[in-house]
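Undergrad: File follows, entry16.tsv with TSV, C-alpha atoms:
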chain	number	residue	atom	x	y	z
A	1135	MET	CA	21.62	102.60	-331.46
A	1136	LEU	CA	20.92	105.33	-333.99
A	1137	CYS	CA	23.07	104.05	-336.81
A	1138	ALA	CA	25.44	106.11	-338.93
A	1139	GLY	CA	23.16	105.84	-341.94
A	1140	SER	CA	21.07	108.71	-343.19
A	1141	TRP	CA	17.79	109.34	-344.97
A	1142	GLN	CA	17.77	110.71	-348.47
A	1143	VAL	CA	14.25	111.91	-349.22
A	1144	LEU	CA	13.51	111.18	-352.85
A	1145	GLU	CA	9.85	112.00	-353.09
A	1146	MET	CA	7.14	113.24	-350.75
A	1147	GLU	CA	3.51	113.89	-351.39
A	1148	ASN	CA	1.28	115.36	-348.67
A	1149	GLN	CA	-2.35	115.84	-349.49
A	1150	ASN	CA	-4.11	118.96	-348.25
A	1151	GLU	CA	-6.00	116.95	-345.70
A	1152	MET	CA	-3.68	115.22	-343.22
A	1153	ASP	CA	-5.53	111.92	-343.61
A	1154	LYS	CA	-2.90	110.36	-345.86
A	1155	THR	CA	0.83	110.77	-346.24
A	1156	PHE	CA	3.30	109.13	-348.58
A	1157	GLU	CA	7.09	109.13	-348.58
A	1158	LYS	CA	9.77	107.36	-350.53
A	1159	PHE	CA	13.25	107.40	-349.09
A	1160	THR	CA	16.63	105.69	-348.99
A	1161	TRP	CA	18.46	104.57	-345.83
A	1162	THR	CA	22.22	104.11	-346.34
A	1163	ILE	CA	23.90	102.25	-343.49
A	1164	GLN	CA	27.67	102.60	-343.46
A	1165	ASN	CA	30.17	100.59	-341.38
A	1166	PHE	CA	27.52	97.92	-341.16
A	1167	SER	CA	29.72	95.08	-339.90
A	1168	ASN	CA	31.46	97.24	-337.29
A	1169	SER	CA	28.35	97.73	-335.20
A	1170	ASP	CA	28.30	95.95	-331.85
A	1171	SER	CA	24.60	96.69	-331.41
A	1172	TRP	CA	21.82	94.15	-331.61
A	1173	THR	CA	19.56	96.77	-333.17
A	1174	LEU	CA	20.11	99.62	-335.64
A	1175	TYR	CA	17.54	102.41	-335.82
A	1176	SER	CA	16.92	104.78	-338.68
A	1177	GLU	CA	16.17	108.42	-338.09
A	1178	HIS	CA	12.51	109.16	-337.47
A	1179	LEU	CA	9.86	110.07	-340.04
A	1180	PHE	CA	6.84	112.17	-339.16
A	1181	LEU	CA	3.86	110.97	-341.17
A	1182	CYS	CA	0.18	111.43	-340.53
A	1183	GLY	CA	0.70	112.75	-337.00
A	1184	GLN	CA	2.82	109.73	-336.06
A	1185	LEU	CA	6.53	109.04	-335.70
A	1186	TRP	CA	7.91	106.07	-337.62
A	1187	ARG	CA	11.30	104.43	-337.95
A	1188	ILE	CA	12.89	101.32	-339.36
A	1189	LEU	CA	14.71	98.73	-337.25
A	1190	ILE	CA	17.23	96.22	-338.49
A	1191	PHE	CA	18.89	93.48	-336.46
A	1192	PRO	CA	22.37	93.05	-338.02
A	1193	LYS	CA	23.33	90.03	-335.89
A	1194	GLY	CA	20.11	88.18	-336.62
A	1195	PHE	CA	16.84	88.03	-334.73
A	1196	PRO	CA	15.31	85.56	-334.33
A	1197	GLY	CA	17.92	82.87	-334.90
A	1198	ASP	CA	19.83	82.98	-338.17
A	1199	TYR	CA	17.60	85.53	-339.85
A	1200	LEU	CA	18.09	89.21	-340.56
A	1201	SER	CA	14.96	91.01	-339.38
A	1202	ILE	CA	13.88	94.38	-340.79
A	1203	CYS	CA	10.80	96.07	-339.37
A	1204	LEU	CA	8.71	99.20	-339.62
A	1205	GLU	CA	7.86	100.57	-336.17
A	1206	ALA	CA	5.18	103.04	-335.12
A	1207	VAL	CA	6.91	104.82	-332.23
A	1208	CYS	CA	4.80	104.71	-329.08
A	1209	ASN	CA	4.06	107.53	-326.69
A	1210	PRO	CA	2.95	106.52	-323.17
A	1211	LYS	CA	0.18	109.14	-323.29
A	1212	MET	CA	-1.29	107.96	-326.57
A	1213	LEU	CA	-4.85	106.73	-326.25
A	1214	SER	CA	-5.07	102.97	-325.94
A	1215	ASP	CA	-7.28	102.75	-329.02
A	1216	TRP	CA	-4.96	104.65	-331.38
A	1217	SER	CA	-4.65	103.13	-334.81
A	1218	LYS	CA	-2.83	103.80	-338.09
A	1219	PHE	CA	-3.09	101.90	-341.35
A	1220	ALA	CA	0.20	101.64	-343.25
A	1221	ARG	CA	1.26	100.25	-346.60
A	1222	PHE	CA	5.01	99.90	-346.88
A	1223	LYS	CA	7.70	98.37	-349.05
A	1224	PHE	CA	11.34	97.57	-348.32
A	1225	ALA	CA	13.90	97.04	-351.09
A	1226	ILE	CA	17.26	95.64	-349.94
A	1227	ILE	CA	19.45	96.85	-352.78
A	1228	ASN	CA	21.78	94.42	-354.51
A	1229	GLN	CA	24.71	96.68	-355.35
A	1230	LEU	CA	26.30	94.20	-357.75
A	1231	ASN	CA	23.24	93.12	-359.70
A	1232	GLY	CA	20.11	95.24	-359.53
A	1233	THR	CA	17.94	92.39	-360.78
A	1234	MET	CA	18.78	90.50	-357.58
A	1235	THR	CA	17.44	93.26	-355.29
A	1236	ILE	CA	15.08	91.79	-352.69
A	1237	THR	CA	11.74	93.59	-352.42
A	1238	LYS	CA	9.16	92.99	-349.73
A	1239	GLU	CA	5.77	94.71	-349.64
A	1240	THR	CA	2.84	94.46	-347.23
A	1241	GLU	CA	0.24	96.43	-345.29
A	1242	SER	CA	-0.81	96.36	-341.65
A	1243	GLN	CA	-2.97	98.07	-339.06
A	1244	PHE	CA	-0.69	99.48	-336.35
A	1245	ASN	CA	-2.07	100.07	-332.86
A	1246	GLY	CA	-1.19	99.80	-329.17
A	1247	LYS	CA	-0.82	96.02	-329.42
A	1248	LEU	CA	0.90	95.87	-332.80
A	1249	THR	CA	3.60	98.50	-333.26
A	1250	ARG	CA	6.00	96.53	-335.49
A	1251	TRP	CA	5.75	94.55	-338.64
A	1252	GLY	CA	8.48	93.35	-340.92
A	1253	PHE	CA	10.28	90.62	-342.80
A	1254	LEU	CA	12.95	87.98	-342.33
A	1255	LEU	CA	15.90	87.29	-344.62
A	1256	PRO	CA	18.44	84.46	-344.18
A	1257	LEU	CA	21.44	86.05	-342.48
A	1258	LEU	CA	23.91	83.84	-344.35
A	1259	GLN	CA	22.61	85.08	-347.69
A	1260	PHE	CA	22.63	88.72	-346.59
A	1261	ASN	CA	26.19	88.67	-345.17
A	1262	ASP	CA	27.78	86.84	-348.10
A	1263	PRO	CA	29.93	89.53	-349.86
A	1264	ARG	CA	29.48	87.69	-353.15
A	1265	LYS	CA	25.71	88.26	-353.02
A	1266	GLY	CA	26.02	92.04	-353.30
A	1267	PHE	CA	23.82	93.23	-350.43
A	1268	ILE	CA	26.80	94.59	-348.46
A	1269	VAL	CA	29.48	96.33	-350.51
A	1270	ASN	CA	32.32	98.32	-348.94
A	1271	ASP	CA	30.62	97.58	-345.63
A	1272	THR	CA	27.58	99.58	-346.75
A	1273	CYS	CA	23.98	98.41	-346.92
A	1274	ILE	CA	21.27	100.34	-348.79
A	1275	ILE	CA	17.57	100.03	-348.04
A	1276	GLU	CA	14.94	101.83	-350.08
A	1277	SER	CA	11.53	102.24	-348.48
A	1278	GLU	CA	8.09	103.49	-349.38
A	1279	LEU	CA	5.52	104.26	-346.71
A	1280	SER	CA	1.91	105.33	-347.05
A	1281	VAL	CA	-0.06	106.01	-343.84
A	1282	SER	CA	-3.74	106.72	-343.18
A	1283	LYS	CA	-5.40	107.94	-340.01
A	1284	SER	CA	-8.13	105.97	-338.31
A	1285	GLU	CA	-11.56	107.59	-338.05
A	1286	HIS	CA	-11.00	108.16	-334.35
A	1287	GLU	CA	-7.72	109.99	-334.91
A	1288	LYS	CA	-9.29	112.25	-337.48
A	1289	GLN	CA	-11.23	113.70	-334.55
A	1290	VAL	CA	-8.45	113.63	-331.95
A	1291	ASP	CA	-5.14	114.90	-333.32
A	1292	GLN	CA	-2.06	113.47	-331.64
A	1293	ALA	CA	0.15	116.57	-331.84
A	1294	VAL	CA	3.93	116.03	-331.99
A	1295	SER	CA	6.38	118.89	-332.56
A	1296	LYS	CA	8.11	118.44	-335.92
A	1297	ASN	CA	11.13	120.24	-334.50
A	1298	ASP	CA	11.81	117.20	-332.39
A	1299	VAL	CA	11.33	114.58	-335.11
A	1300	SER	CA	15.04	114.09	-335.77
A	1301	GLU	CA	15.74	113.53	-332.07
A	1302	TYR	CA	12.53	112.03	-330.72
A	1303	SER	CA	12.81	108.46	-329.48
A	1304	ALA	CA	10.58	106.03	-327.62
A	1305	HIS	CA	10.64	102.80	-325.71
A	1306	VAL	CA	10.52	99.48	-327.55
A	1307	CYS	CA	6.84	98.59	-327.56
A	1308	VAL	CA	5.14	95.25	-327.91
A	1309	GLY	CA	5.04	94.22	-331.56
A	1310	THR	CA	5.70	91.29	-333.83
A	1311	ILE	CA	9.15	91.05	-332.22
A	1312	GLU	CA	9.29	91.85	-328.53
A	1313	HIS	CA	12.51	92.96	-326.85
A	1314	THR	CA	11.42	93.57	-323.28
A	1315	ASP	CA	9.32	91.95	-320.62
A	1316	MET	CA	8.85	95.24	-318.79
A	1317	SER	CA	5.72	97.18	-319.70
A	1318	LEU	CA	5.44	100.84	-318.81
A	1319	ALA	CA	1.93	100.17	-317.58
A	1320	SER	CA	3.36	98.01	-314.80
A	1321	PHE	CA	4.88	101.03	-313.08
A	1322	GLY	CA	1.60	102.63	-312.06
A	1323	GLU	CA	0.35	106.18	-312.46
A	1324	PHE	CA	2.05	109.29	-313.82
A	1325	MET	CA	3.20	112.21	-311.69
A	1326	ASP	CA	4.79	115.57	-312.41
A	1327	PHE	CA	8.57	115.68	-312.49
A	1328	ARG	CA	9.94	119.13	-311.72
A	1329	GLY	CA	7.44	120.79	-314.03
A	1330	LEU	CA	9.00	119.08	-317.05
A	1331	GLY	CA	6.18	116.65	-317.69
A	1332	LYS	CA	4.30	113.63	-316.45
A	1333	ILE	CA	6.59	110.67	-315.72
A	1334	LYS	CA	5.83	107.23	-314.34
A	1335	LYS	CA	5.63	107.49	-310.57
A	1336	ALA	CA	8.12	104.68	-309.99
A	1337	PHE	CA	10.78	106.60	-311.92
A	1338	VAL	CA	10.47	109.99	-310.22
A	1339	PRO	CA	12.52	109.31	-307.03
A	1340	LEU	CA	15.31	107.84	-309.13
A	1341	LEU	CA	15.26	110.80	-311.51
A	1342	ASP	CA	15.23	113.27	-308.61
A	1343	GLU	CA	18.32	111.62	-307.17
A	1344	VAL	CA	20.41	111.68	-310.35
A	1345	CYS	CA	19.27	115.15	-311.47
A	1346	SER	CA	20.29	116.58	-308.11
A	1347	LYS	CA	23.79	115.19	-308.69
A	1348	HIS	CA	23.88	115.97	-312.43
A	1349	PRO	CA	21.98	119.22	-313.19
A	1350	SER	CA	23.01	119.05	-316.85
A	1351	LEU	CA	20.40	116.33	-317.34
A	1352	ILE	CA	17.67	118.93	-316.96
A	1353	GLU	CA	19.56	121.79	-318.58
A	1354	CYS	CA	20.06	119.93	-321.86
A	1355	GLN	CA	16.31	119.26	-322.19
A	1356	GLN	CA	14.94	122.70	-321.33
A	1357	LYS	CA	14.65	123.82	-324.97
A	1358	ARG	CA	12.91	120.64	-326.04
A	1359	SER	CA	9.18	120.18	-326.42
A	1360	ARG	CA	7.27	118.83	-323.45
A	1361	MET	CA	6.59	115.53	-325.20
A	1362	PHE	CA	10.23	115.05	-326.12
A	1363	THR	CA	11.32	115.88	-322.55
A	1364	GLU	CA	8.79	113.47	-321.06
A	1365	TRP	CA	10.11	110.69	-323.26
A	1366	ALA	CA	13.73	111.52	-322.54
A	1367	PHE	CA	13.23	111.22	-318.80
A	1368	THR	CA	10.95	108.20	-319.18
A	1369	VAL	CA	13.71	106.30	-321.00
A	1370	LEU	CA	16.30	107.48	-318.46
A	1371	GLY	CA	13.97	106.31	-315.70
A	1372	ARG	CA	13.68	102.88	-317.27
A	1373	VAL	CA	17.46	102.43	-317.27
A	1374	LEU	CA	17.74	103.66	-313.67
A	1375	HIS	CA	14.87	101.39	-312.58
A	1376	PHE	CA	16.55	98.41	-314.25
A	1377	LEU	CA	19.85	99.06	-312.46
A	1378	LYS	CA	18.06	99.65	-309.15
A	1379	THR	CA	15.88	96.54	-309.18
A	1380	LYS	CA	18.02	93.93	-310.91
A	1381	LYS	CA	20.50	91.85	-308.95
A	1382	VAL	CA	23.79	90.37	-310.15
A	1383	LYS	CA	22.24	86.91	-310.25
A	1384	ASP	CA	19.50	88.20	-312.61
A	1385	MET	CA	21.93	89.18	-315.38
A	1386	ASP	CA	21.43	86.31	-317.77
A	1387	ASP	CA	21.59	86.63	-321.55
A	1388	ASN	CA	18.05	88.00	-321.88
A	1389	ALA	CA	18.57	90.61	-319.16
A	1390	CYS	CA	21.79	91.79	-320.79
A	1391	LYS	CA	20.10	92.14	-324.17
A	1392	HIS	CA	17.25	94.01	-322.50
A	1393	LEU	CA	19.60	96.47	-320.81
A	1394	GLN	CA	21.62	96.94	-324.01
A	1395	ILE	CA	18.50	97.94	-325.91
A	1396	LEU	CA	17.40	100.33	-323.14
A	1397	TRP	CA	20.85	101.92	-323.13
A	1398	GLU	CA	20.93	102.36	-326.90
A	1399	GLU	CA	17.51	104.03	-326.74
A	1400	LEU	CA	18.72	106.37	-323.99
A	1401	GLU	CA	21.79	107.42	-325.98
A	1402	THR	CA	19.59	108.93	-328.69
A	1403	PHE	CA	18.42	111.69	-326.30
A	1404	ARG	CA	21.87	113.30	-326.10
A	1405	PHE	CA	22.14	113.40	-322.32
A	1406	ASP	CA	25.63	113.61	-320.84
A	1407	LEU	CA	25.79	110.00	-319.68
A	1408	THR	CA	29.48	109.74	-318.81
A	1409	TRP	CA	28.53	109.26	-315.15
A	1410	LEU	CA	26.08	106.43	-315.94
A	1411	GLU	CA	27.92	104.51	-318.64
A	1412	PRO	CA	30.40	102.76	-316.27
A	1413	HIS	CA	27.47	101.40	-314.24
A	1414	VAL	CA	25.68	100.16	-317.35
A	1415	GLN	CA	28.82	98.54	-318.75
A	1416	SER	CA	29.49	96.95	-315.38
A	1417	ALA	CA	25.97	95.53	-315.34
A	1418	LEU	CA	26.40	94.21	-318.89
A	1419	SER	CA	29.62	92.49	-317.82
A	1420	MET	CA	27.76	90.61	-315.09
A	1421	LYS	CA	26.78	87.89	-317.55
A	1422	SER	CA	30.45	86.96	-318.02
A	1423	TYR	CA	30.98	87.29	-314.29
A	1424	MET	CA	28.06	84.98	-313.57
A	1425	GLU	CA	29.36	82.42	-316.07
A	1426	ARG	CA	32.79	82.48	-314.43
A	1427	ALA	CA	31.22	82.41	-310.96
A	1428	VAL	CA	29.30	79.26	-311.93
A	1429	GLN	CA	32.52	77.67	-313.19
A	1430	VAL	CA	34.38	78.62	-309.99
A	1431	LYS	CA	31.56	77.21	-307.86
A	1432	LYS	CA	31.68	73.95	-309.80
A	1433	ARG	CA	35.48	73.76	-309.42
A	1434	LYS	CA	35.14	74.35	-305.68
A	1435	ARG	CA	32.65	71.47	-305.45
A	1436	ASP	CA	35.04	69.26	-307.44
A	1437	VAL	CA	37.97	70.14	-305.15
A	1438	ALA	CA	35.85	69.55	-302.03
A	1439	ALA	CA	34.76	66.15	-303.36
A	1440	ILE	CA	38.35	65.13	-304.15
A	1441	GLU	CA	39.53	66.29	-300.71
A	1442	MET	CA	36.81	64.21	-299.05
A	1443	GLU	CA	37.80	61.19	-301.12
A	1444	MET	CA	41.45	61.78	-300.22
A	1445	LYS	CA	40.58	61.92	-296.50
A	1446	ARG	CA	38.60	58.70	-296.86
A	1447	LEU	CA	41.52	57.01	-298.59
A	1448	LYS	CA	43.97	58.29	-295.95
A	1449	ALA	CA	41.78	56.89	-293.17
A	1450	LYS	CA	41.55	53.61	-295.03
A	1451	MET	CA	45.35	53.54	-295.44
A	1452	ALA	CA	45.87	54.23	-291.74
A	1453	SER	CA	43.54	51.36	-290.91
A	1454	ALA	CA	45.40	49.13	-293.38
A	1455	GLU	CA	48.74	49.99	-291.70
A	1456	VAL	CA	47.37	48.91	-288.34
A	1457	GLU	CA	46.04	45.69	-289.83
A	1458	ILE	CA	49.37	44.87	-291.49
A	1459	GLU	CA	51.26	45.36	-288.22
A	1460	ILE	CA	48.90	42.95	-286.48
A	1461	ALA	CA	49.28	40.49	-289.33
A	1462	ARG	CA	53.10	40.69	-289.06
A	1463	ARG	CA	53.01	39.96	-285.32
A	1464	ASP	CA	50.74	37.02	-285.92
A	1465	LEU	CA	53.16	35.77	-288.56
A	1466	VAL	CA	56.12	35.98	-286.17
A	1467	GLU	CA	54.21	34.06	-283.53
A	1468	ALA	CA	53.20	31.43	-286.06
A	1469	GLU	CA	56.77	30.98	-287.28
A	1470	GLU	CA	58.25	30.62	-283.77
A	1471	GLY	CA	59.58	27.04	-283.20
A	1472	LEU	CA	58.58	25.98	-286.69
A	1473	GLU	CA	61.37	23.92	-288.37
A	1474	GLU	CA	61.57	24.55	-292.03
A	1475	LYS	CA	61.25	21.51	-294.27
A	1476	ASP	CA	61.61	20.87	-297.94
A	1477	LEU	CA	58.03	20.82	-299.00
A	1478	ASP	CA	58.97	18.92	-302.16
A	1479	ALA	CA	60.72	16.08	-300.26
A	1480	GLU	CA	59.14	12.62	-300.15
A	1481	LEU	CA	57.39	11.74	-296.94
A	1482	GLY	CA	58.81	8.14	-297.05
A	1483	PHE	CA	57.75	5.13	-294.99
A	1484	GLY	CA	60.96	3.90	-293.37
A	1485	GLY	CA	63.18	0.85	-294.29
A	1486	PRO	CA	66.80	0.53	-295.53
Let me see the file written as structure tokens.

TA:
Amino acid sequence: MLCAGSWQVLEMENQNEMDKTFEKFTWTIQNFSNSDSWTLYSEHLFLCGQLWRILIFPKGFPGDYLSICLEAVCNPKMLSDWSKFARFKFAIINQLNGTMTITKETESQFNGKLTRWGFLLPLLQFNDPRKGFIVNDTCIIESELSVSKSEHEKQVDQAVSKNDVSEYSAHVCVGTIEHTDMSLASFGEFMDFRGLGKIKKAFVPLLDEVCSKHPSLIECQQKRSRMFTEWAFTVLGRVLHFLKTKKVKDMDDNACKHLQILWEELETFRFDLTWLEPHVQSALSMKSYMERAVQVKKRKRDVAAIEMEMKRLKAKMASAEVEIEIARRDLVEAEEGLEEKDLDAELGFGGP
């Protein structure tokens, strides 16, 4: 989900050579507690020929920790040996006491295997209104980012249209925190999709089907750059592939989180998704359905077991009724001709 916050650029210094870029900016996130999303994304920054963004996990990830990360946004056509060196600093502003502001600073080499790096903060401390990190349901994060190109990228420029920076989005790549078990590489080779760009082959039939029914999907992307369009349809293809290949029984907690993240990524491309949203929401509701289905199945087993026990007891009772009738007849026969005597009377031995 692209959150309601916004960047305020405070300072920017670009050297004449594009080898190094520095920016200092502020991300203000409003209505922080009202978000139902697992992940909030900042708008994108275009630095050193690379798109960057910040991720924050407002509900905690992993466990009871707030996670805030810098992400180098991946492009499926980027060379496998791409690399960027970044120094960055996050300051989570304490709005009640500036001396209590939490500052984290580090540096890392980002590449195809490491696209995210960040920090953890105890969620309980962050959410406590008395601590000052969330005031009037607003969180403020100040960031500084300095990026350098690798020697290889100085020779091969990864061109990205700056006109698309504010709208460009990408799939969640493998990093220090991984959200998906589905790699784009697993879908095989690329192929042309209606002259709009190279898309993973596995996605093309699905995209053809929905674009034939919903022409606006293509119309809304025609003025975009080729790279942006390729990514838009790649992310749409991922959602369609998920819905096509997953079964109801597969929708456990991890699958639901996975689909939620894919859907939030797709929403950033501004497609008209009114036709797809009911299917996605239905799929997300399958977790609750599966939980109820498991409960119903267990209750059915319990009822079946009780019914079997009841049948066993009924059969046993019927057998007992037969036995008691036989015992009564035997009793009558035994009592026939038997004179009752006082069992407490003395036996005696005769005499006056």

Undergrad: Please determine, counting all atoms listed in the file, which residue among A:Gln1164, A:Leu1254, A:Phe1156, A:Lys1383 has the shortest atom-to-atom distance to Ile1190 (chain A).

TA: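 Looking at the shortest contact to Ile1190 (chain A), the residue is A:Leu1254.
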
Undergrad: Do you know which residues lie at most 12 Å from (16.7, 110.6, -313.1), with coordinates as in the file and all atoms listed in the file counted, and could you write them as JSON, numbers by chain?

TA: {"A": [1327, 1328, 1333, 1334, 1335, 1336, 1337, 1338, 1339, 1340, 1341, 1342, 1343, 1344, 1345, 1346, 1347, 1348, 1349, 1350, 1351, 1352, 1364, 1366, 1367, 1368, 1369, 1370, 1371, 1372, 1373, 1374, 1375, 1377, 1378, 1400, 1405, 1407, 1410]}

Undergrad: Here is a test: counting all atoms listed in the file, which residue of A:Glu1459, A:Glu1205, A:Glu1474, A:Glu1323 is nearest to Gly1252 (chain A)?

TA: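 The closest residue to Gly1252 (chain A) is A:Glu1205.
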
Undergrad: So, with all atoms listed in the file as the atoms that count, which of A:Ile1188, A:Arg1462, A:Val1382, A:Trp1216 lies closest to Ala1427 (chain A)?

TA: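 Closest to Ala1427 (chain A) of all the choices is A:Val1382.
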
Undergrad: Compare A:Ile1460, A:Ile1395, A:Ile1268, A:Leu1330 by their minimum atom-to-atom distance to Ile1226 (chain A), counting only C-alpha atoms, and give me the closest one.

TA: A:Ile1268

Undergrad: Closest to Lys1158 (chain A) among A:Glu1241, A:Glu1276, A:Glu1441, A:Asp1387, using only C-alpha atoms?

TA: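 Among A:Glu1241, A:Glu1276, A:Glu1441, A:Asp1387, it is A:Glu1276 that comes nearest to Lys1158 (chain A).
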
Undergrad: When you draw a straight line from CA of Lys1223 (chain A) to CA of Cys1182 (chain A), how long is it in Å?

TA: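 Here the two named atoms are 17.3 Å from each other.
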
Undergrad: Measure the distance from CA of Asn1388 (chain A) to CA of Lys1421 (chain A) in Å and round it to one decimal.

TA: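 Going from CA of Asn1388 (chain A) over to CA of Lys1421 (chain A), I get 9.7 Å.
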
Undergrad: With only C-alpha atoms as the basis for distance, which of A:Ile1458, A:Trp1172, A:Phe1159, A:Arg1463 is at the shortest distance from Cys1390 (chain A)?

TA: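 For Cys1390 (chain A), the nearest of the given residues is A:Trp1172.
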
Undergrad: Please indicate the distance in Å from CA of Leu1248 (chain A) to CA of Ala1206 (chain A), rounded to one decimal place.

TA: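 Calculated distance between CA of Leu1248 (chain A) and CA of Ala1206 (chain A) is 8.7 Å.
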
Undergrad: Please check which residues have atoms at most 10 Å from (14.2, 95.7, -351.4) in the file's coordinates, counting all atoms listed in the file, and write them as a PyMOL selection string.

TA: chain A and resi 1223-1228+1234-1239+1267+1274-1277

Undergrad: Assuming 5 Å of padding per side, give the centre and edge lengths of the axis-aligned box around every listed atom of region 1180-1187 of chain A, in Å to one decimal and as AutoDock Vina command-line options.

TA:
--center_x 5.7 --center_y 108.6 --center_z -338.4 --size_x 21.1 --size_y 18.3 --size_z 15.5
